[in-house]
$ cat entry_0.txt   # compact mmCIF, C-alpha atoms
# COMPACT_ATOMS: atom_id res chain seq x y z
CA MET H 1 0.00 0.00 0.00
CA THR H 2 1.41 3.35 -1.08
CA LEU H 3 -0.17 6.59 0.05
CA GLN H 4 0.69 9.85 -1.68
CA PRO H 5 -1.16 12.64 0.12
CA THR H 6 -2.10 15.74 -1.86
CA GLN H 7 -4.40 18.67 -1.21
CA GLU H 8 -7.00 16.94 -3.38
CA ASN H 9 -6.51 13.57 -1.65
CA PRO H 10 -5.35 14.38 1.91
CA LEU H 11 -4.11 11.86 4.45
CA LYS H 12 -6.95 11.12 6.87
CA VAL H 13 -5.52 11.45 10.38
CA GLY H 14 -7.06 10.91 13.81
CA VAL H 15 -5.46 12.40 16.93
CA LEU H 16 -6.41 10.53 20.10
CA GLY H 17 -5.51 12.73 23.05
CA ALA H 18 -6.03 16.33 22.01
CA GLY H 19 -3.68 17.80 24.62
CA LEU H 20 -0.60 19.88 23.88
CA ILE H 21 1.22 17.40 21.62
CA GLY H 22 -1.97 16.20 19.93
CA LEU H 23 -3.21 19.70 19.19
CA TYR H 24 0.21 20.76 17.91
CA LEU H 25 0.60 17.78 15.58
CA GLY H 26 -3.00 17.98 14.42
CA SER H 27 -2.86 21.71 13.73
CA VAL H 28 0.40 21.41 11.78
CA LEU H 29 -1.03 18.55 9.71
CA GLN H 30 -4.33 20.34 9.04
CA ALA H 31 -2.54 23.59 8.16
CA SER H 32 -0.48 21.74 5.53
CA LYS H 33 -3.71 21.14 3.53
CA MET H 34 -2.37 17.64 2.83
CA ALA H 35 -4.11 16.07 5.82
CA LYS H 36 -7.67 16.08 7.16
CA VAL H 37 -7.59 15.72 10.94
CA THR H 38 -10.15 14.41 13.41
CA PHE H 39 -9.36 15.30 17.04
CA PHE H 40 -10.50 13.04 19.88
CA GLY H 41 -10.38 15.02 23.10
CA ARG H 42 -11.99 16.44 26.21
CA GLU H 43 -14.48 19.28 26.45
CA ARG H 44 -12.00 21.47 28.38
CA MET H 45 -9.67 21.81 25.37
CA TRP H 46 -12.49 22.12 22.84
CA LYS H 47 -14.10 24.89 24.90
CA GLU H 48 -10.83 26.86 24.80
CA ILE H 49 -10.66 26.46 21.01
CA VAL H 50 -14.29 27.51 20.59
CA GLU H 51 -13.75 30.61 22.72
CA ALA H 52 -10.75 31.50 20.52
CA LYS H 53 -12.85 30.85 17.40
CA GLY H 54 -10.18 28.53 16.05
CA LEU H 55 -6.87 26.79 16.66
CA SER H 56 -3.56 28.45 15.81
CA VAL H 57 -0.03 27.13 15.43
CA GLU H 58 3.06 29.31 15.72
CA GLU H 59 6.10 28.22 13.74
CA GLY H 60 9.11 30.54 13.90
CA THR H 61 7.78 34.00 13.15
CA GLY H 62 4.73 32.67 11.30
CA LEU H 63 1.23 32.13 12.69
CA THR H 64 -1.43 29.98 11.04
CA THR H 65 -5.00 29.99 12.33
CA LEU H 66 -7.48 27.22 11.54
CA PRO H 67 -11.06 28.55 11.72
CA ILE H 68 -13.43 26.64 13.97
CA GLU H 69 -15.53 25.45 11.01
CA GLU H 70 -12.48 23.64 9.57
CA LEU H 71 -11.95 21.55 12.73
CA GLU H 72 -13.52 18.20 13.52
CA PHE H 73 -13.45 17.50 17.25
CA ARG H 74 -15.00 14.39 18.79
CA LEU H 75 -15.90 14.33 22.47
CA PRO H 76 -16.44 11.22 24.66
CA GLU H 77 -20.23 11.71 24.43
CA ASP H 78 -19.95 11.40 20.62
CA GLU H 79 -18.49 7.93 21.14
CA GLU H 80 -21.17 6.98 23.65
CA ALA H 81 -23.86 8.15 21.25
CA GLY H 82 -22.34 6.11 18.42
CA LYS H 83 -21.82 9.16 16.21
CA PRO H 84 -20.52 7.97 12.81
CA LEU H 85 -16.77 8.36 12.33
CA ASN H 86 -15.04 9.38 9.14
CA GLU H 87 -12.64 7.01 7.44
CA LEU H 88 -9.07 7.26 8.81
CA ASP H 89 -5.69 6.15 7.47
CA VAL H 90 -3.79 6.64 10.72
CA VAL H 91 -4.47 7.51 14.36
CA LEU H 92 -1.78 9.28 16.40
CA VAL H 93 -2.15 8.47 20.09
CA THR H 94 -0.81 11.35 22.17
CA LEU H 95 -2.41 10.42 25.50
CA LYS H 96 -0.44 10.09 28.72
CA THR H 97 0.29 6.37 29.13
CA GLN H 98 -1.82 6.10 32.28
CA HIS H 99 -4.79 7.51 30.39
CA ILE H 100 -4.72 4.60 27.92
CA LYS H 101 -5.52 2.31 30.85
CA GLY H 102 -8.21 4.74 31.99
CA LEU H 103 -10.17 4.84 28.72
CA LYS H 104 -13.73 3.94 29.79
CA THR H 105 -15.08 4.13 26.25
CA PRO H 106 -12.17 3.73 23.83
CA PRO H 107 -12.96 5.64 20.64
CA LYS H 108 -13.96 3.44 17.76
CA ILE H 109 -11.11 3.40 15.26
CA PRO H 110 -11.99 2.36 11.71
CA GLU H 111 -10.76 -1.05 10.64
CA GLY H 112 -7.54 -0.81 8.67
CA ALA H 113 -6.33 2.43 10.28
CA LEU H 114 -2.75 2.27 11.55
CA ILE H 115 -2.30 3.29 15.21
CA VAL H 116 0.91 5.16 16.09
CA SER H 117 1.80 5.57 19.76
CA MET H 118 3.47 8.93 20.41
CA CYS H 119 3.31 8.38 24.19
CA ASN H 120 6.23 8.64 26.62
CA GLY H 121 7.61 5.53 28.28
CA LEU H 122 7.87 1.97 26.98
CA ASP H 123 4.47 0.44 27.79
CA SER H 124 2.04 2.31 25.55
CA VAL H 125 2.25 0.03 22.50
CA SER H 126 1.41 -3.11 24.49
CA LEU H 127 -1.46 -1.27 26.21
CA LEU H 128 -2.83 -0.07 22.86
CA ARG H 129 -2.54 -3.54 21.35
CA ASN H 130 -4.64 -4.87 24.23
CA THR H 131 -7.21 -2.09 23.70
CA TYR H 132 -7.27 -2.45 19.90
CA PRO H 133 -6.33 -6.11 19.21
CA GLN H 134 -7.58 -5.96 15.59
CA HIS H 135 -5.32 -3.04 14.63
CA ARG H 136 -1.67 -2.70 13.74
CA VAL H 137 0.07 -0.58 16.40
CA VAL H 138 3.53 0.91 15.87
CA ASN H 139 5.82 3.18 17.85
CA GLY H 140 6.65 6.83 17.50
CA MET H 141 8.62 9.43 19.45
CA PHE H 142 7.83 13.13 19.79
CA GLY H 143 10.90 15.09 20.85
CA PRO H 144 9.98 18.80 21.13
CA ASN H 145 8.37 20.61 24.05
CA VAL H 146 5.03 22.27 23.26
CA ILE H 147 2.92 24.82 25.12
CA MET H 148 -0.43 26.49 24.49
CA VAL H 149 -0.67 30.27 24.82
CA PRO H 150 -3.87 32.33 24.57
CA PRO H 151 -5.82 32.40 22.42
CA ALA H 152 -5.58 28.62 21.69
CA THR H 153 -2.18 28.91 20.02
CA MET H 154 0.24 25.97 19.93
CA VAL H 155 3.92 26.88 20.24
CA LYS H 156 6.92 24.56 19.93
CA THR H 157 9.37 25.80 22.57
CA THR H 158 12.33 23.46 21.97
CA SER H 159 13.90 21.71 19.02
CA GLY H 160 13.51 17.97 18.77
CA LEU H 161 12.97 15.13 16.35
CA ILE H 162 9.78 13.26 15.52
CA LEU H 163 10.65 9.64 14.71
CA LEU H 164 8.24 6.94 13.56
CA ASP H 165 8.42 3.19 12.98
CA ALA H 166 8.92 2.50 9.28
CA HIS H 167 5.60 1.65 7.57
CA PRO H 168 3.95 2.81 4.32
CA VAL H 169 1.46 4.95 6.25
CA THR H 170 4.12 6.54 8.48
CA THR H 171 6.13 7.26 5.32
CA ALA H 172 3.16 9.23 3.99
CA LEU H 173 2.74 10.96 7.35
CA THR H 174 6.44 11.88 7.36
CA ALA H 175 6.09 13.37 3.89
CA VAL H 176 3.26 15.63 5.05
CA LEU H 177 5.12 16.76 8.19
CA THR H 178 8.30 17.37 6.19
CA THR H 179 6.32 19.51 3.75
CA ALA H 180 5.21 21.52 6.79
CA LYS H 181 8.94 21.95 7.69
CA ILE H 182 8.73 19.64 10.71
CA ASP H 183 11.81 17.52 11.42
CA CYS H 184 10.34 14.03 11.04
CA SER H 185 11.64 10.72 9.69
CA THR H 186 11.02 6.98 9.86
CA VAL H 187 13.46 4.55 11.46
CA ASP H 188 13.74 0.76 11.71
CA ASP H 189 14.36 0.67 15.48
CA VAL H 190 12.16 3.11 17.36
CA MET H 191 12.63 1.20 20.65
CA SER H 192 16.25 2.38 20.91
CA VAL H 193 14.85 5.89 20.39
CA LYS H 194 12.16 5.35 23.05
CA TRP H 195 14.82 4.21 25.53
CA ALA H 196 16.85 7.34 24.78
CA LYS H 197 13.76 9.51 25.32
CA LEU H 198 13.06 7.66 28.58
CA LEU H 199 16.56 8.54 29.81
CA ILE H 200 16.05 12.19 28.85
CA ASN H 201 12.65 12.20 30.54
CA THR H 202 14.19 11.37 33.92
CA ASN H 203 14.64 15.14 34.09
CA ASN H 204 10.85 15.65 34.09
CA ALA H 205 10.78 14.79 37.79
CA VAL H 206 13.70 17.13 38.53
CA ASN H 207 11.96 19.94 36.69
CA ALA H 208 8.63 19.31 38.43
CA LEU H 209 10.31 19.42 41.84
CA SER H 210 12.10 22.66 40.95
CA GLY H 211 8.95 24.44 39.81
CA LEU H 212 11.08 26.36 37.31
CA PRO H 213 10.97 26.82 33.53
CA LEU H 214 13.27 24.27 31.88
CA SER H 215 15.82 26.86 30.76
CA ARG H 216 16.34 28.19 34.31
CA GLN H 217 16.49 24.72 35.82
CA LEU H 218 19.06 23.49 33.30
CA ARG H 219 21.37 26.41 33.96
CA GLN H 220 21.89 25.27 37.57
CA GLN H 221 24.44 22.54 38.27
CA PRO H 222 22.78 20.96 41.37
CA TYR H 223 19.64 20.08 39.38
CA ARG H 224 21.79 18.68 36.57
CA MET H 225 23.76 16.57 39.07
CA VAL H 226 20.54 14.82 40.11
CA TRP H 227 19.49 14.36 36.49
CA ALA H 228 22.91 12.92 35.61
CA ALA H 229 22.69 10.42 38.48
CA ALA H 230 19.20 9.32 37.39
CA MET H 231 20.46 8.90 33.80
CA ARG H 232 23.46 6.83 34.93
CA GLU H 233 21.13 4.40 36.65
CA GLY H 234 19.06 4.24 33.47
CA LEU H 235 22.14 3.55 31.35
CA LYS H 236 22.94 0.54 33.55
CA VAL H 237 19.42 -0.73 32.90
CA CYS H 238 19.90 -0.28 29.15
CA GLN H 239 23.11 -2.30 29.30
CA ALA H 240 21.37 -5.10 31.20
CA GLU H 241 18.53 -5.09 28.66
CA GLY H 242 20.97 -5.24 25.74
CA VAL H 243 19.74 -1.86 24.46
CA THR H 244 21.92 0.84 22.91
CA PRO H 245 19.92 4.06 23.32
CA ALA H 246 19.84 6.12 20.15
CA LYS H 247 21.39 9.54 19.79
CA ILE H 248 18.43 11.93 19.69
CA MET H 249 20.24 15.04 20.97
CA ALA H 250 23.56 16.67 20.14
CA ILE H 251 25.22 14.72 22.98
CA PRO H 252 24.93 10.88 22.87
CA PRO H 253 23.17 9.32 25.91
CA LEU H 254 26.36 7.59 27.11
CA TYR H 255 28.17 10.93 27.49
CA MET H 256 25.23 13.02 28.62
CA PRO H 257 25.77 12.55 32.41
CA TYR H 258 29.35 13.85 32.10
CA ALA H 259 28.16 16.91 30.19
CA LEU H 260 25.45 17.60 32.77
CA GLU H 261 27.86 17.57 35.70
CA VAL H 262 30.25 20.26 34.50
CA PRO H 263 30.12 23.76 36.06
CA ASP H 264 27.48 26.17 34.82
CA THR H 265 29.87 28.37 32.85
CA VAL H 266 31.18 25.35 30.94
CA PHE H 267 27.75 23.79 30.47
CA THR H 268 26.26 26.87 28.83
CA ARG H 269 29.05 26.68 26.23
CA VAL H 270 29.10 22.94 25.50
CA ALA H 271 25.35 22.37 25.63
CA LYS H 272 23.92 25.43 23.90
CA GLY H 273 21.07 23.37 22.44
CA LEU H 274 19.90 22.35 25.90
CA VAL H 275 19.86 25.84 27.34
CA SER H 276 18.58 27.60 24.20
CA ILE H 277 15.00 26.92 25.16
CA ASP H 278 12.01 29.22 25.11
CA GLU H 279 11.69 30.69 28.61
CA ARG H 280 8.06 29.53 28.70
CA ALA H 281 8.94 25.84 28.32
CA GLY H 282 8.34 23.48 31.22
CA SER H 283 7.87 19.74 31.66
CA SER H 284 4.44 18.12 31.33
CA MET H 285 5.01 16.59 34.77
CA LEU H 286 5.25 20.04 36.33
CA GLU H 287 2.05 21.04 34.52
CA ASP H 288 0.24 17.92 35.79
CA ILE H 289 1.32 18.44 39.39
CA MET H 290 0.35 22.11 39.38
CA GLY H 291 -2.98 21.11 37.86
CA GLY H 292 -3.63 18.56 40.61
CA ARG H 293 -3.45 15.63 38.16
CA PRO H 294 -1.54 12.32 38.51
CA SER H 295 1.83 12.44 36.75
CA GLU H 296 3.55 9.97 34.43
CA ILE H 297 6.21 9.13 37.05
CA ALA H 298 5.25 5.42 37.09
CA TYR H 299 5.89 5.18 33.33
CA LEU H 300 9.15 7.16 33.34
CA ASN H 301 11.42 6.81 36.39
CA GLY H 302 9.10 4.04 37.58
CA THR H 303 9.67 2.00 34.43
CA LEU H 304 13.44 2.32 34.87
CA ALA H 305 13.20 1.23 38.50
CA ASP H 306 10.91 -1.73 37.71
CA THR H 307 13.11 -2.92 34.83
CA ALA H 308 16.23 -2.50 36.99
CA ALA H 309 14.67 -4.69 39.69
CA LYS H 310 14.45 -7.59 37.20
CA HIS H 311 18.25 -7.40 36.91
CA ALA H 312 18.88 -6.70 40.62
CA ILE H 313 20.22 -3.25 39.72
CA PRO H 314 19.66 -0.62 42.45
CA THR H 315 18.16 2.72 41.40
CA PRO H 316 18.27 4.81 44.59
CA VAL H 317 18.21 8.20 42.84
CA ASN H 318 15.22 7.35 40.65
CA ASP H 319 13.49 5.82 43.68
CA ALA H 320 14.06 9.06 45.60
CA LEU H 321 12.63 11.13 42.74
CA ILE H 322 9.56 8.88 42.64
CA THR H 323 9.05 9.38 46.38
CA LEU H 324 9.34 13.16 46.09
CA ILE H 325 6.98 13.31 43.10
CA ARG H 326 4.39 11.19 44.94
CA GLN H 327 4.57 13.69 47.79
CA ALA H 328 4.09 16.57 45.34
CA GLU H 329 1.09 14.79 43.78
CA THR H 330 -0.49 14.48 47.22
CA ALA H 331 0.17 18.16 47.93
CA LYS H 332 -1.08 19.06 44.41
CA THR H 333 1.76 21.55 44.00
CA SER H 334 5.47 21.62 43.31
CA PRO H 335 7.69 21.98 46.39
CA CYS H 336 9.77 24.47 44.33
CA LEU H 337 13.03 23.11 45.74
CA THR H 338 16.25 24.96 45.02
CA GLY H 339 19.00 22.94 43.38
CA ASP H 340 20.84 22.48 46.68
CA GLU H 341 17.61 21.53 48.48
CA LEU H 342 16.77 18.89 45.89
CA LEU H 343 20.32 17.54 45.91
CA ASP H 344 20.24 17.27 49.70
CA LYS H 345 16.82 15.59 49.76
CA VAL H 346 17.81 13.04 47.12
CA CYS H 347 21.04 12.32 49.02
CA GLU H 348 19.13 11.93 52.27
CA ILE H 349 16.51 9.56 50.83
CA SER H 350 18.78 7.51 48.58
CA GLY H 351 22.15 7.45 50.32
CA TRP H 352 23.72 8.55 47.03
CA LYS H 353 26.63 10.99 47.26
CA PRO H 354 27.85 13.00 44.27
CA THR H 355 31.60 12.76 43.76
CA TYR H 356 32.08 16.49 43.30
CA TYR H 357 29.88 19.41 44.16
CA SER H 358 30.05 21.74 47.13
CA SER H 359 26.83 20.91 48.94
CA SER H 360 26.04 19.49 52.34
CA CYS H 361 25.82 15.91 51.04
CA SER H 362 28.80 15.93 48.69
CA VAL H 363 32.06 14.07 49.06
CA MET H 364 34.97 16.29 48.03
$ encode --input "entry_0.txt" --output "structure tokens"
Amino acid sequence: MTLQPTQENPLKVGVLGAGLIGLYLGSVLQASKMAKVTFFGRERMWKEIVEAKGLSVEEGTGLTTLPIEELEFRLPEDEEAGKPLNELDVVLVTLKTQHIKGLKTPPKIPEGALIVSMCNGLDSVSLLRNTYPQHRVVNGMFGPNVIMVPPATMVKTTSGLILLDAHPVTTALTAVLTTAKIDCSTVDDVMSVKWAKLLINTNNAVNALSGLPLSRQLRQQPYRMVWAAAMREGLKVCQAEGVTPAKIMAIPPLYMPYALEVPDTVFTRVAKGLVSIDERAGSSMLEDIMGGRPSEIAYLNGTLADTAAKHAIPTPVNDALITLIRQAETAKTSPCLTGDELLDKVCEISGWKPTYYSSSCSVM
């Protein structure tokens, strides 16, 4: 099967999970005129779009607005009422992994549509295959950070790749995204990419506990020391699993902890890509905690810890981050710890001691 999307014969795309990533991808695809998008989402997001009289996407200095009448948005009650669904070639799942389990009425996906999981963590594909056993489910990875600013405008705040499992439908999807000047490609081994993203995402907990925008958090060595320690534990798990995490950033995963640990003045020079982030960017985990919602911690640091346990590999730093995030979830707010405070708390809970850094728990 070969698909060649055009404006006259657009790719028919469903987006399950019309949150930040889903709305960004869907708006970019719809704006290309080479895709017709159906959003599956909650009333909260749709209400915001209705109030703005459309959905906009900001790319560089350009702004494209999709009028409300051009958008198809399906709510859970549409599924319950059995509202007919248009034909689809592909469905991009951009839900949080825990929300796949929580689907009370999974949207009906037309037979023959390919399902692409764009979720964080490693478990989403198996969960989707259980939910949709008659469908082909493949992996994808969404690298950038995205925010929504009023009025209903999607903004990509960091660079990052979009990588998809190789398949004729994902090839067509890649062609549409590339036409829209989005950095997207297909690969034969997305799992090595997903492992790399999982290692990077160990910082989500650090960011959520800091309460800071990503750019400010990354400029402070104590936060990076904790992130580096969490990544090192993850790299040991990768080795035990026989996985070589892919290079998805300028610095390969194996060398990333060393780069993170250097002093701030050095880091800002050697890792310009990491600190050249829109000041508005923050982690989705921080957003969830501040919104009083459960985070993805079980599917990020929790997945590393669970996989490590199968190999009898200790993960004290990731365990400490899980404990602190659970406390923040209960409090429904970030503790807004300084770098030194977080470093000290992680040291206290885990027994880990950084080899160099002038803080109360360090060994000089």
$ closest_residue --input "entry_0.txt" --among "H:Lys47, H:Lys96, H:Lys345, H:Lys332" --to "Asp319 of chain H" --atoms "only C-alpha atoms"
H:Lys345
$ residues_around --input "entry_0.txt" --residues "Pro67 of chain H" --least-positions-apart "2" --cutoff "7 Å" --atoms "all atoms listed in the file" --output "ChimeraX atom specification"
/H:53-55,65,69-70
$ atom_distance --input "entry_0.txt" --atom1 "atom CA of Leu16 of chain H" --atom2 "atom CA of Pro168 of chain H"
20.4 Å
$ atom_distance --input "entry_0.txt" --atom1 "atom CA of Glu296 of chain H" --atom2 "atom CA of Asn203 of chain H"
12.2 Å
$ residues_near_point --input "entry_0.txt" --point "(27.1, 19.5, 40.9)" --cutoff "6 Å" --atoms "all atoms listed in the file" --output "number ranges by chain"
H: 221-222, 225, 261, 357
$ closest_residue --input "entry_0.txt" --among "H:Gly22, H:Asn207, H:Phe142, H:Gly41" --to "Cys184 of chain H" --atoms "only C-alpha atoms"
H:Phe142
$ residues_around --input "entry_0.txt" --residues "segment 267-269 of chain H" --least-positions-apart "5" --cutoff "12 Å" --atoms "all atoms listed in the file" --output "PDB file with C-alpha atoms, in the coordinates of the input"
ATOM      1  CA  SER H 215      15.820  26.860  30.760  1.00  0.00           C
ATOM      2  CA  ARG H 216      16.340  28.190  34.310  1.00  0.00           C
ATOM      3  CA  LEU H 218      19.060  23.490  33.300  1.00  0.00           C
ATOM      4  CA  ARG H 219      21.370  26.410  33.960  1.00  0.00           C
ATOM      5  CA  GLN H 220      21.890  25.270  37.570  1.00  0.00           C
ATOM      6  CA  GLN H 221      24.440  22.540  38.270  1.00  0.00           C
ATOM      7  CA  ARG H 224      21.790  18.680  36.570  1.00  0.00           C
ATOM      8  CA  MET H 225      23.760  16.570  39.070  1.00  0.00           C
ATOM      9  CA  MET H 256      25.230  13.020  28.620  1.00  0.00           C
ATOM     10  CA  PRO H 257      25.770  12.550  32.410  1.00  0.00           C
ATOM     11  CA  TYR H 258      29.350  13.850  32.100  1.00  0.00           C
ATOM     12  CA  ALA H 259      28.160  16.910  30.190  1.00  0.00           C
ATOM     13  CA  LEU H 260      25.450  17.600  32.770  1.00  0.00           C
ATOM     14  CA  GLU H 261      27.860  17.570  35.700  1.00  0.00           C
ATOM     15  CA  VAL H 262      30.250  20.260  34.500  1.00  0.00           C
ATOM     16  CA  LEU H 274      19.900  22.350  25.900  1.00  0.00           C
ATOM     17  CA  VAL H 275      19.860  25.840  27.340  1.00  0.00           C
ATOM     18  CA  SER H 276      18.580  27.600  24.200  1.00  0.00           C
ATOM     19  CA  ILE H 277      15.000  26.920  25.160  1.00  0.00           C
TER      20      ILE H 277
END
$ closest_residue --input "entry_0.txt" --among "H:Leu321, H:Ala308, H:Ala152, H:Ile297" --to "Ala230 of chain H" --atoms "all atoms listed in the file"
H:Leu321
